[in-house]
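start_8.cif, holding mmCIF, C-alpha atoms and all ligand atoms:
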data_query
loop_
_atom_site.label_atom_id
_atom_site.label_comp_id
_atom_site.auth_asym_id
_atom_site.auth_seq_id
_atom_site.Cartn_x
_atom_site.Cartn_y
_atom_site.Cartn_z
CA MET D 1 46.56 -45.49 13.64
CA LYS D 2 48.16 -46.62 16.88
CA LEU D 3 49.97 -44.35 19.32
CA ILE D 4 52.20 -46.14 21.79
CA ILE D 5 53.23 -43.95 24.73
CA GLU D 6 56.29 -45.14 26.61
CA GLU D 7 57.89 -43.37 29.55
CA THR D 8 61.39 -42.72 28.18
CA GLY D 9 63.36 -42.78 24.94
CA SER D 10 64.97 -46.01 26.05
CA ASP D 11 61.52 -47.61 26.50
CA VAL D 12 60.64 -46.43 22.97
CA ALA D 13 63.80 -48.13 21.67
CA ASP D 14 62.91 -51.31 23.52
CA PHE D 15 59.36 -51.40 22.17
CA ALA D 16 60.50 -50.65 18.60
CA ALA D 17 63.23 -53.32 18.64
CA LYS D 18 60.87 -55.93 20.07
CA TYR D 19 58.30 -55.05 17.43
CA VAL D 20 60.80 -55.38 14.56
CA ARG D 21 61.99 -58.72 16.00
CA LYS D 22 58.46 -60.00 16.30
CA ARG D 23 57.52 -58.97 12.75
CA ILE D 24 60.63 -60.62 11.26
CA ASN D 25 60.12 -63.82 13.24
CA GLU D 26 56.40 -64.08 12.56
CA PHE D 27 56.95 -63.42 8.87
CA GLY D 28 58.92 -66.66 8.61
CA ALA D 29 61.72 -65.21 6.50
CA GLY D 30 63.80 -67.74 4.54
CA PRO D 31 65.80 -68.15 1.32
CA ASP D 32 62.62 -67.89 -0.76
CA LYS D 33 60.94 -65.24 1.35
CA TYR D 34 62.90 -62.18 2.41
CA PHE D 35 61.57 -59.68 4.93
CA VAL D 36 61.92 -56.17 3.45
CA LEU D 37 62.63 -53.54 6.09
CA GLY D 38 62.83 -49.75 5.63
CA LEU D 39 65.21 -48.01 8.02
CA PRO D 40 66.03 -44.50 9.26
CA THR D 41 69.13 -42.78 10.57
CA GLY D 42 69.27 -40.14 13.33
CA SER D 43 69.77 -40.23 17.08
CA THR D 44 66.21 -41.45 17.75
CA PRO D 45 66.59 -44.97 16.27
CA LEU D 46 70.06 -45.55 17.79
CA GLY D 47 68.64 -47.26 20.89
CA MET D 48 66.50 -49.54 18.71
CA TYR D 49 69.58 -50.60 16.75
CA LYS D 50 71.47 -51.33 19.97
CA ARG D 51 68.64 -53.52 21.25
CA LEU D 52 68.35 -55.35 17.91
CA ILE D 53 72.09 -56.10 18.01
CA GLU D 54 71.60 -57.53 21.52
CA PHE D 55 68.68 -59.65 20.30
CA TYR D 56 70.79 -60.91 17.40
CA LYS D 57 73.66 -61.80 19.74
CA ALA D 58 71.24 -63.57 22.07
CA GLY D 59 69.99 -65.58 19.08
CA THR D 60 66.40 -64.34 19.19
CA VAL D 61 66.45 -62.75 15.73
CA SER D 62 68.43 -63.13 12.51
CA PHE D 63 68.80 -60.71 9.60
CA ARG D 64 70.06 -63.33 7.19
CA TYR D 65 66.88 -63.20 5.16
CA VAL D 66 66.23 -59.50 5.58
CA ILE D 67 66.60 -56.90 2.81
CA THR D 68 66.88 -53.29 3.91
CA PHE D 69 66.25 -49.95 2.23
CA ASN D 70 67.40 -46.81 3.98
CA MET D 71 65.40 -43.63 3.82
CA ASP D 72 67.98 -41.15 2.66
CA GLU D 73 71.57 -40.07 2.10
CA TYR D 74 73.37 -36.73 1.82
CA VAL D 75 74.45 -35.58 -1.63
CA GLY D 76 78.19 -35.14 -2.03
CA LEU D 77 79.41 -37.07 1.02
CA PRO D 78 81.56 -40.07 0.12
CA ARG D 79 80.35 -43.37 1.58
CA ASP D 80 83.27 -43.50 4.00
CA HIS D 81 82.74 -39.96 5.34
CA PRO D 82 82.07 -40.41 9.09
CA GLU D 83 78.78 -38.52 8.81
CA SER D 84 77.44 -40.25 5.70
CA TYR D 85 74.36 -42.35 6.35
CA HIS D 86 76.31 -45.31 4.92
CA SER D 87 78.85 -44.94 7.75
CA PHE D 88 76.08 -44.43 10.28
CA MET D 89 74.24 -47.59 9.29
CA PHE D 90 77.29 -49.84 9.08
CA ASN D 91 78.87 -48.52 12.28
CA ASN D 92 75.70 -48.58 14.34
CA PHE D 93 73.94 -51.62 12.97
CA PHE D 94 74.87 -53.63 9.89
CA ARG D 95 78.43 -54.44 10.95
CA HIS D 96 77.14 -56.07 14.13
CA ILE D 97 74.47 -58.36 12.69
CA ASP D 98 74.30 -61.19 10.15
CA ILE D 99 72.81 -59.22 7.25
CA GLU D 100 74.42 -59.85 3.89
CA PRO D 101 75.90 -56.60 2.55
CA LYS D 102 74.29 -57.30 -0.84
CA ASN D 103 70.89 -57.05 0.85
CA VAL D 104 71.56 -53.56 2.19
CA HIS D 105 70.34 -50.66 0.03
CA ILE D 106 71.32 -47.05 0.67
CA LEU D 107 71.02 -44.29 -1.90
CA ASN D 108 74.31 -43.23 -3.45
CA GLY D 109 74.78 -39.54 -2.70
CA MET D 110 77.88 -39.41 -4.92
CA THR D 111 76.03 -40.36 -8.10
CA ASN D 112 76.31 -38.04 -11.06
CA ASP D 113 72.84 -39.02 -12.22
CA ALA D 114 70.51 -38.45 -9.26
CA LYS D 115 67.37 -39.01 -11.31
CA LYS D 116 68.53 -42.43 -12.47
CA GLU D 117 69.76 -43.38 -8.98
CA CYS D 118 66.36 -42.51 -7.50
CA GLU D 119 64.39 -44.31 -10.21
CA ASN D 120 66.55 -47.40 -9.72
CA TYR D 121 65.89 -47.28 -5.99
CA GLU D 122 62.13 -47.29 -6.52
CA ARG D 123 62.54 -50.15 -9.00
CA MET D 124 64.63 -52.19 -6.54
CA ILE D 125 62.02 -51.72 -3.81
CA LYS D 126 59.37 -53.01 -6.21
CA GLU D 127 61.52 -55.94 -7.30
CA ALA D 128 62.08 -56.88 -3.66
CA GLY D 129 58.31 -57.19 -3.30
CA GLY D 130 57.70 -53.84 -1.60
CA ILE D 131 58.56 -52.82 1.94
CA GLU D 132 56.92 -54.86 4.69
CA LEU D 133 57.73 -52.51 7.57
CA PHE D 134 59.15 -49.00 7.22
CA VAL D 135 60.62 -47.64 10.45
CA GLY D 136 61.09 -43.86 10.48
CA GLY D 137 61.99 -40.89 12.60
CA ILE D 138 60.97 -37.28 12.12
CA GLY D 139 62.53 -33.86 12.30
CA PRO D 140 61.14 -31.24 14.72
CA ASP D 141 59.34 -29.69 11.72
CA GLY D 142 57.56 -32.98 11.06
CA HIS D 143 59.66 -34.04 8.08
CA VAL D 144 59.95 -37.74 7.42
CA ALA D 145 63.18 -38.92 5.73
CA PHE D 146 64.19 -35.65 4.02
CA ASN D 147 60.66 -34.72 2.91
CA GLU D 148 60.84 -31.16 4.10
CA PRO D 149 57.75 -29.02 4.76
CA GLY D 150 55.85 -28.51 1.52
CA SER D 151 57.02 -31.79 -0.02
CA SER D 152 54.38 -33.46 -2.10
CA LEU D 153 52.56 -36.13 -0.16
CA SER D 154 52.66 -38.23 -3.35
CA SER D 155 56.41 -37.78 -3.77
CA ARG D 156 58.77 -40.61 -4.65
CA THR D 157 62.52 -41.03 -4.30
CA ARG D 158 64.28 -37.89 -5.54
CA ILE D 159 66.81 -35.19 -4.78
CA LYS D 160 65.77 -32.54 -2.22
CA THR D 161 67.31 -29.29 -1.09
CA LEU D 162 67.44 -29.15 2.70
CA ASN D 163 65.85 -26.23 4.48
CA ALA D 164 67.67 -23.97 6.92
CA ASP D 165 66.15 -25.63 10.02
CA THR D 166 67.31 -29.08 8.96
CA ILE D 167 70.81 -27.83 8.16
CA GLN D 168 70.89 -26.14 11.57
CA ALA D 169 69.62 -29.29 13.33
CA ASN D 170 72.23 -31.47 11.61
CA ALA D 171 75.15 -29.08 12.15
CA ARG D 172 75.82 -30.83 15.48
CA PHE D 173 77.18 -33.79 13.51
CA PHE D 174 79.57 -31.53 11.57
CA GLY D 175 81.30 -29.84 14.49
CA GLY D 176 78.58 -27.18 14.63
CA ASP D 177 79.86 -25.75 11.34
CA LEU D 178 76.87 -24.93 9.11
CA SER D 179 79.09 -24.65 6.05
CA GLN D 180 80.07 -28.32 6.37
CA VAL D 181 76.49 -29.64 6.32
CA PRO D 182 75.45 -30.89 2.87
CA THR D 183 72.64 -28.80 1.41
CA GLN D 184 71.01 -31.55 -0.60
CA ALA D 185 70.01 -35.15 -0.06
CA LEU D 186 68.54 -38.08 -1.94
CA THR D 187 65.44 -39.27 -0.13
CA VAL D 188 62.57 -41.68 -0.48
CA GLY D 189 59.30 -39.81 -1.03
CA VAL D 190 56.31 -39.65 1.28
CA GLN D 191 54.48 -41.96 -1.11
CA THR D 192 57.40 -44.42 -1.07
CA VAL D 193 56.92 -44.77 2.69
CA MET D 194 53.12 -44.78 2.33
CA ASP D 195 53.44 -47.79 0.01
CA ALA D 196 55.01 -49.90 2.77
CA ARG D 197 52.59 -52.42 4.24
CA GLU D 198 53.25 -51.01 7.70
CA VAL D 199 54.88 -47.84 9.03
CA MET D 200 56.33 -47.31 12.51
CA ILE D 201 57.47 -43.78 13.42
CA LEU D 202 59.61 -43.15 16.51
CA ILE D 203 59.25 -39.75 18.18
CA THR D 204 61.09 -38.71 21.33
CA GLY D 205 61.80 -35.47 23.17
CA THR D 206 60.00 -32.21 23.87
CA HIS D 207 61.46 -30.70 20.70
CA LYS D 208 59.30 -33.12 18.67
CA ALA D 209 56.10 -32.52 20.70
CA LEU D 210 54.62 -30.00 18.27
CA ALA D 211 55.36 -32.34 15.36
CA LEU D 212 53.51 -35.21 17.08
CA HIS D 213 50.55 -32.91 17.70
CA MET D 214 50.51 -31.85 14.03
CA ALA D 215 50.96 -35.48 12.95
CA ILE D 216 47.95 -36.91 14.73
CA GLU D 217 45.65 -34.20 16.09
CA CYS D 218 45.39 -31.90 13.07
CA GLY D 219 44.54 -32.49 9.43
CA VAL D 220 46.78 -34.01 6.79
CA ASN D 221 49.04 -31.21 5.58
CA HIS D 222 52.10 -31.14 3.34
CA MET D 223 53.75 -28.61 5.69
CA TRP D 224 53.99 -31.48 8.23
CA THR D 225 54.73 -34.39 5.96
CA VAL D 226 54.48 -36.97 8.77
CA SER D 227 50.73 -36.21 8.95
CA ALA D 228 50.31 -38.14 5.66
CA PHE D 229 50.32 -41.37 7.68
CA GLN D 230 46.80 -40.58 8.86
CA TYR D 231 45.90 -42.12 5.50
CA HIS D 232 48.05 -45.20 5.99
CA PRO D 233 46.08 -48.37 6.79
CA LEU D 234 48.69 -49.62 9.27
CA ALA D 235 50.63 -46.81 10.92
CA MET D 236 52.03 -46.78 14.42
CA PHE D 237 53.66 -43.88 16.27
CA VAL D 238 55.87 -44.79 19.22
CA ALA D 239 56.52 -41.80 21.47
CA ASP D 240 57.99 -41.04 24.86
CA GLU D 241 56.16 -38.94 27.47
CA ASP D 242 58.13 -35.82 26.50
CA ALA D 243 56.93 -35.99 22.91
CA THR D 244 53.29 -36.02 24.06
CA LEU D 245 53.48 -32.63 25.81
CA GLU D 246 51.56 -30.78 23.09
CA LEU D 247 48.80 -33.40 22.83
CA LYS D 248 45.40 -32.97 24.43
CA VAL D 249 45.04 -34.69 27.80
CA LYS D 250 42.08 -36.51 26.26
CA THR D 251 44.24 -37.93 23.43
CA VAL D 252 46.94 -39.08 25.83
CA LYS D 253 44.39 -40.69 28.16
CA TYR D 254 42.71 -42.45 25.27
CA PHE D 255 45.90 -44.02 23.93
CA LYS D 256 47.28 -44.82 27.38
CA GLY D 257 44.03 -46.64 28.04
CA LEU D 258 44.90 -48.91 25.10
CA MET D 259 48.41 -49.70 26.31
CA GLY D 260 47.42 -53.02 27.89
CA HIS D 261 46.22 -54.12 24.49
CA HIS D 262 49.18 -52.60 22.61
CA ARG D 263 51.75 -54.29 24.90
CA LYS D 264 50.60 -57.57 23.39
CA LEU D 265 52.07 -56.41 20.07
CA VAL D 266 55.56 -57.15 21.37
CA GLU D 267 54.92 -60.16 23.59
N1 LIG D 301 66.90 -37.29 7.43
C1 LIG D 301 66.92 -37.48 8.84
C2 LIG D 301 65.54 -37.95 9.28
O1 LIG D 301 65.27 -39.19 8.65
C3 LIG D 301 65.52 -38.08 10.79
O2 LIG D 301 64.28 -38.58 11.19
C4 LIG D 301 65.77 -36.73 11.40
C5 LIG D 301 65.68 -36.70 12.91
O3 LIG D 301 66.86 -37.09 13.53
P1 LIG D 301 67.00 -37.30 15.08
O4 LIG D 301 66.45 -38.67 15.34
O5 LIG D 301 68.48 -37.25 15.32
O6 LIG D 301 66.24 -36.25 15.77
O7 LIG D 301 67.08 -36.34 11.00
C6 LIG D 301 67.32 -36.22 9.60
O8 LIG D 301 66.67 -35.12 9.10
#
Let me see the file written as structure tokens.
Ligand SMILES: N[C@@H]1[C@@H](O)[C@H](O)[C@@H](COP(=O)(O)O)O[C@@H]1O
Amino acid sequence: MKLIIEETGSDVADFAAKYVRKRINEFGAGPDKYFVLGLPTGSTPLGMYKRLIEFYKAGTVSFRYVITFNMDEYVGLPRDHPESYHSFMFNNFFRHIDIEPKNVHILNGMTNDAKKECENYERMIKEAGGIELFVGGIGPDGHVAFNEPGSSLSSRTRIKTLNADTIQANARFFGGDLSQVPTQALTVGVQTVMDAREVMILITGTHKALALHMAIECGVNHMWTVSAFQYHPLAMFVADEDATLELKVKTVKYFKGLMGHHRKLVE
């Protein structure tokens, strides 16, 4: 596992965007070889999307031969609801780049057959050749996508009921009104993300510091689903200084000592 420690959230966004660009470019994507990218929503990845749009406009990356799979979507919100993850992704990213809409995959939270929708999603990921790089964020309770505490670490795409903390955390997007926040979501499973060839998790802010500690300094535990990536052969956490506040000084020193080497990942 790699831990990249950047000073601020904006430096995290910069590193993450440069890494995604480098992976797409080095992969040599083309009409017969699509790069399959897993993507998150949330405030954390917003800066990365902004930077990627800039890179696209500057001509240093193209998404023409990229296929995306998003992590999750609320149940019961129409696609065009301003807070649906469909709206989020198109408004903040897809609309501004050259990706073909047919190559964008986001779970349909309005389906009347959630089981079938989720099984199809897993099948489509497989048919696309599996996910090359899954970028994720986490909740303050260490959930990845909507794999709430106690989710099976071998879970696959399915419907999940959101816990009170997550509903509370997301109420800010619904005018602070808890009753407006959907109570269920369709989400990829922990195992779905684990199956990606590489995973990059972005963690910023003091409110995520305990989650980063549980993710990398304690054992693998389904109450902190992000800790599952300790078993991933190619996992990278990208954090800002604030998110490292609960880590041991020794851990921080160790990974900062590797930064010279890790910078080369985005050169
Ligand atoms: N389902 C999403 C997660 O995928 C996301 O990682 C989390 C954190 O969001 P933020 O980046 O806004 O803190 O929010 C939601 O719960």
Within 12 Å of Pro78 in chain D using only C-alpha atoms, minus same-chain residues under 5 positions, as an mmCIF file with C-alpha atoms, in the coordinates of the input:
data_model
loop_
_atom_site.group_PDB
_atom_site.id
_atom_site.type_symbol
_atom_site.label_atom_id
_atom_site.label_comp_id
_atom_site.auth_asym_id
_atom_site.auth_seq_id
_atom_site.Cartn_x
_atom_site.Cartn_y
_atom_site.Cartn_z
ATOM 1 C CA GLU D 73 71.570 -40.070 2.100
ATOM 2 C CA GLU D 83 78.780 -38.520 8.810
ATOM 3 C CA SER D 84 77.440 -40.250 5.700
ATOM 4 C CA TYR D 85 74.360 -42.350 6.350
ATOM 5 C CA HIS D 86 76.310 -45.310 4.920
ATOM 6 C CA SER D 87 78.850 -44.940 7.750
ATOM 7 C CA LEU D 107 71.020 -44.290 -1.900
ATOM 8 C CA ASN D 108 74.310 -43.230 -3.450
ATOM 9 C CA GLY D 109 74.780 -39.540 -2.700
ATOM 10 C CA MET D 110 77.880 -39.410 -4.920
ATOM 11 C CA THR D 111 76.030 -40.360 -8.100
ATOM 12 C CA PRO D 182 75.450 -30.890 2.870
#
Quiz item: With distances taken over all atoms listed in the file, which of D:Tyr74, D:Phe94, D:Phe174, D:Phe229 is nearest to ligand LIG 301 (chain D)?
Solution: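 The answer is D:Tyr74, which sits nearest to ligand LIG 301 (chain D).
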Quiz item: Quick one: of D:Tyr254, D:Phe237, D:Tyr34, D:Tyr231, who's nearest to Val135 in chain D, counting only C-alpha atoms?
Solution: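 Closest to Val135 in chain D, using only C-alpha atoms: D:Phe237.
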Quiz prompt | Distance filter 7 Å around ligand LIG 301 (chain D), atoms: only C-alpha atoms and all ligand atoms, out as a ChimeraX atom specification | solution = /D:40-45,71-72,136-139,144-146,166
C-alpha atoms of the current selection, written as a PDB file, in the coordinates of the input:
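That gives us again30.pdb:
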ATOM      1  CA  PRO D  40      66.030 -44.500   9.260  1.00  0.00           C
ATOM      2  CA  THR D  41      69.130 -42.780  10.570  1.00  0.00           C
ATOM      3  CA  GLY D  42      69.270 -40.140  13.330  1.00  0.00           C
ATOM      4  CA  SER D  43      69.770 -40.230  17.080  1.00  0.00           C
ATOM      5  CA  THR D  44      66.210 -41.450  17.750  1.00  0.00           C
ATOM      6  CA  PRO D  45      66.590 -44.970  16.270  1.00  0.00           C
ATOM      7  CA  MET D  71      65.400 -43.630   3.820  1.00  0.00           C
ATOM      8  CA  ASP D  72      67.980 -41.150   2.660  1.00  0.00           C
ATOM      9  CA  GLY D 136      61.090 -43.860  10.480  1.00  0.00           C
ATOM     10  CA  GLY D 137      61.990 -40.890  12.600  1.00  0.00           C
ATOM     11  CA  ILE D 138      60.970 -37.280  12.120  1.00  0.00           C
ATOM     12  CA  GLY D 139      62.530 -33.860  12.300  1.00  0.00           C
ATOM     13  CA  VAL D 144      59.950 -37.740   7.420  1.00  0.00           C
ATOM     14  CA  ALA D 145      63.180 -38.920   5.730  1.00  0.00           C
ATOM     15  CA  PHE D 146      64.190 -35.650   4.020  1.00  0.00           C
ATOM     16  CA  THR D 166      67.310 -29.080   8.960  1.00  0.00           C
TER      17      THR D 166
END
Self-check item: Residue contacts of range 200-206 of chain D (8 Å, all atoms listed in the file) excluding same-chain residues fewer than 5 positions away, as a PyMOL selection string
Solution: chain D and resi 8-9+12+16+44-45+133-138+212+235-245
Restricting it to C-alpha atoms, dump the selection as a CSV table (one decimal), in the frame of the given file.
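The result, written out as again.csv:
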chain,number,residue,atom,x,y,z
D,8,THR,CA,61.4,-42.7,28.2
D,9,GLY,CA,63.4,-42.8,24.9
D,12,VAL,CA,60.6,-46.4,23.0
D,16,ALA,CA,60.5,-50.6,18.6
D,44,THR,CA,66.2,-41.4,17.8
D,45,PRO,CA,66.6,-45.0,16.3
D,133,LEU,CA,57.7,-52.5,7.6
D,134,PHE,CA,59.2,-49.0,7.2
D,135,VAL,CA,60.6,-47.6,10.4
D,136,GLY,CA,61.1,-43.9,10.5
D,137,GLY,CA,62.0,-40.9,12.6
D,138,ILE,CA,61.0,-37.3,12.1
D,212,LEU,CA,53.5,-35.2,17.1
D,235,ALA,CA,50.6,-46.8,10.9
D,236,MET,CA,52.0,-46.8,14.4
D,237,PHE,CA,53.7,-43.9,16.3
D,238,VAL,CA,55.9,-44.8,19.2
D,239,ALA,CA,56.5,-41.8,21.5
D,240,ASP,CA,58.0,-41.0,24.9
D,241,GLU,CA,56.2,-38.9,27.5
D,242,ASP,CA,58.1,-35.8,26.5
D,243,ALA,CA,56.9,-36.0,22.9
D,244,THR,CA,53.3,-36.0,24.1
D,245,LEU,CA,53.5,-32.6,25.8
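Using only C-alpha atoms for every distance, the candidate list D:Gln230, D:Asn25, D:Gln168, D:Thr225 yields D:Thr225 as the residue closest to Pro149 in chain D.
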Quiz item: Of the residues D:Arg79, D:Lys115, D:Arg197, D:His213, which is the one nearest to Pro233 in chain D, using only C-alpha atoms?
Solution: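 Checking each of D:Arg79, D:Lys115, D:Arg197, D:His213 against Pro233 in chain D, counting only C-alpha atoms, the winner is D:Arg197.
From CA of Glu132 in chain D back to CA of Asp195 in chain D, the distance works out to 9.2 Å.
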Quiz item: Which residue out of D:Phe69, D:Phe93, D:Tyr121, D:Phe173 has the minimum interatomic distance to Tyr56 in chain D when all atoms listed in the file are used?
Solution: D:Phe93
Quiz item: CA of Thr183 in chain D and CA of Leu162 in chain D, how far apart in Å?
Solution: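 That distance, rounded to one decimal, is 5.4 Å.
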Starting from the sparse input, extend range 168-185 of chain D to N, CA and C atoms and give the output as a PDB file, keeping the file's coordinate frame.
ATOM      1  N   GLN D 168      70.550 -26.557  10.196  1.00  0.00           N
ATOM      2  CA  GLN D 168      70.890 -26.140  11.570  1.00  0.00           C
ATOM      3  C   GLN D 168      70.852 -27.347  12.521  1.00  0.00           C
ATOM      4  N   ALA D 169      69.770 -28.143  12.420  1.00  0.00           N
ATOM      5  CA  ALA D 169      69.620 -29.290  13.330  1.00  0.00           C
ATOM      6  C   ALA D 169      70.739 -30.308  13.130  1.00  0.00           C
ATOM      7  N   ASN D 170      71.218 -30.446  11.892  1.00  0.00           N
ATOM      8  CA  ASN D 170      72.230 -31.470  11.610  1.00  0.00           C
ATOM      9  C   ASN D 170      73.659 -30.965  11.764  1.00  0.00           C
ATOM     10  N   ALA D 171      73.808 -29.658  12.019  1.00  0.00           N
ATOM     11  CA  ALA D 171      75.150 -29.080  12.150  1.00  0.00           C
ATOM     12  C   ALA D 171      75.910 -29.718  13.311  1.00  0.00           C
ATOM     13  N   ARG D 172      75.159 -30.225  14.310  1.00  0.00           N
ATOM     14  CA  ARG D 172      75.820 -30.830  15.480  1.00  0.00           C
ATOM     15  C   ARG D 172      76.698 -32.024  15.078  1.00  0.00           C
ATOM     16  N   PHE D 173      76.370 -32.654  13.948  1.00  0.00           N
ATOM     17  CA  PHE D 173      77.180 -33.790  13.510  1.00  0.00           C
ATOM     18  C   PHE D 173      78.405 -33.347  12.698  1.00  0.00           C
ATOM     19  N   PHE D 174      78.465 -32.040  12.385  1.00  0.00           N
ATOM     20  CA  PHE D 174      79.570 -31.530  11.570  1.00  0.00           C
ATOM     21  C   PHE D 174      80.337 -30.452  12.360  1.00  0.00           C
ATOM     22  N   GLY D 175      80.546 -30.735  13.618  1.00  0.00           N
ATOM     23  CA  GLY D 175      81.300 -29.840  14.490  1.00  0.00           C
ATOM     24  C   GLY D 175      80.632 -28.481  14.643  1.00  0.00           C
ATOM     25  N   GLY D 176      79.315 -28.428  14.469  1.00  0.00           N
ATOM     26  CA  GLY D 176      78.580 -27.180  14.630  1.00  0.00           C
ATOM     27  C   GLY D 176      78.808 -26.197  13.484  1.00  0.00           C
ATOM     28  N   ASP D 177      79.512 -26.637  12.448  1.00  0.00           N
ATOM     29  CA  ASP D 177      79.860 -25.750  11.340  1.00  0.00           C
ATOM     30  C   ASP D 177      78.829 -25.881  10.206  1.00  0.00           C
ATOM     31  N   LEU D 178      77.949 -24.876  10.100  1.00  0.00           N
ATOM     32  CA  LEU D 178      76.870 -24.930   9.110  1.00  0.00           C
ATOM     33  C   LEU D 178      77.385 -25.137   7.690  1.00  0.00           C
ATOM     34  N   SER D 179      78.578 -24.575   7.413  1.00  0.00           N
ATOM     35  CA  SER D 179      79.090 -24.650   6.050  1.00  0.00           C
ATOM     36  C   SER D 179      79.518 -26.068   5.662  1.00  0.00           C
ATOM     37  N   GLN D 180      79.662 -26.935   6.671  1.00  0.00           N
ATOM     38  CA  GLN D 180      80.070 -28.320   6.370  1.00  0.00           C
ATOM     39  C   GLN D 180      78.871 -29.249   6.114  1.00  0.00           C
ATOM     40  N   VAL D 181      77.667 -28.775   6.463  1.00  0.00           N
ATOM     41  CA  VAL D 181      76.490 -29.640   6.320  1.00  0.00           C
ATOM     42  C   VAL D 181      76.067 -29.660   4.853  1.00  0.00           C
ATOM     43  N   PRO D 182      75.904 -30.851   4.268  1.00  0.00           N
ATOM     44  CA  PRO D 182      75.450 -30.890   2.870  1.00  0.00           C
ATOM     45  C   PRO D 182      74.107 -30.167   2.733  1.00  0.00           C
ATOM     46  N   THR D 183      73.871 -29.568   1.590  1.00  0.00           N
ATOM     47  CA  THR D 183      72.640 -28.800   1.410  1.00  0.00           C
ATOM     48  C   THR D 183      71.589 -29.565   0.618  1.00  0.00           C
ATOM     49  N   GLN D 184      71.984 -30.745   0.135  1.00  0.00           N
ATOM     50  CA  GLN D 184      71.010 -31.550  -0.600  1.00  0.00           C
ATOM     51  C   GLN D 184      71.082 -33.004  -0.147  1.00  0.00           C
ATOM     52  N   ALA D 185      70.032 -33.716  -0.414  1.00  0.00           N
ATOM     53  CA  ALA D 185      70.010 -35.150  -0.060  1.00  0.00           C
ATOM     54  C   ALA D 185      69.186 -35.901  -1.082  1.00  0.00           C
TER      55      ALA D 185
END
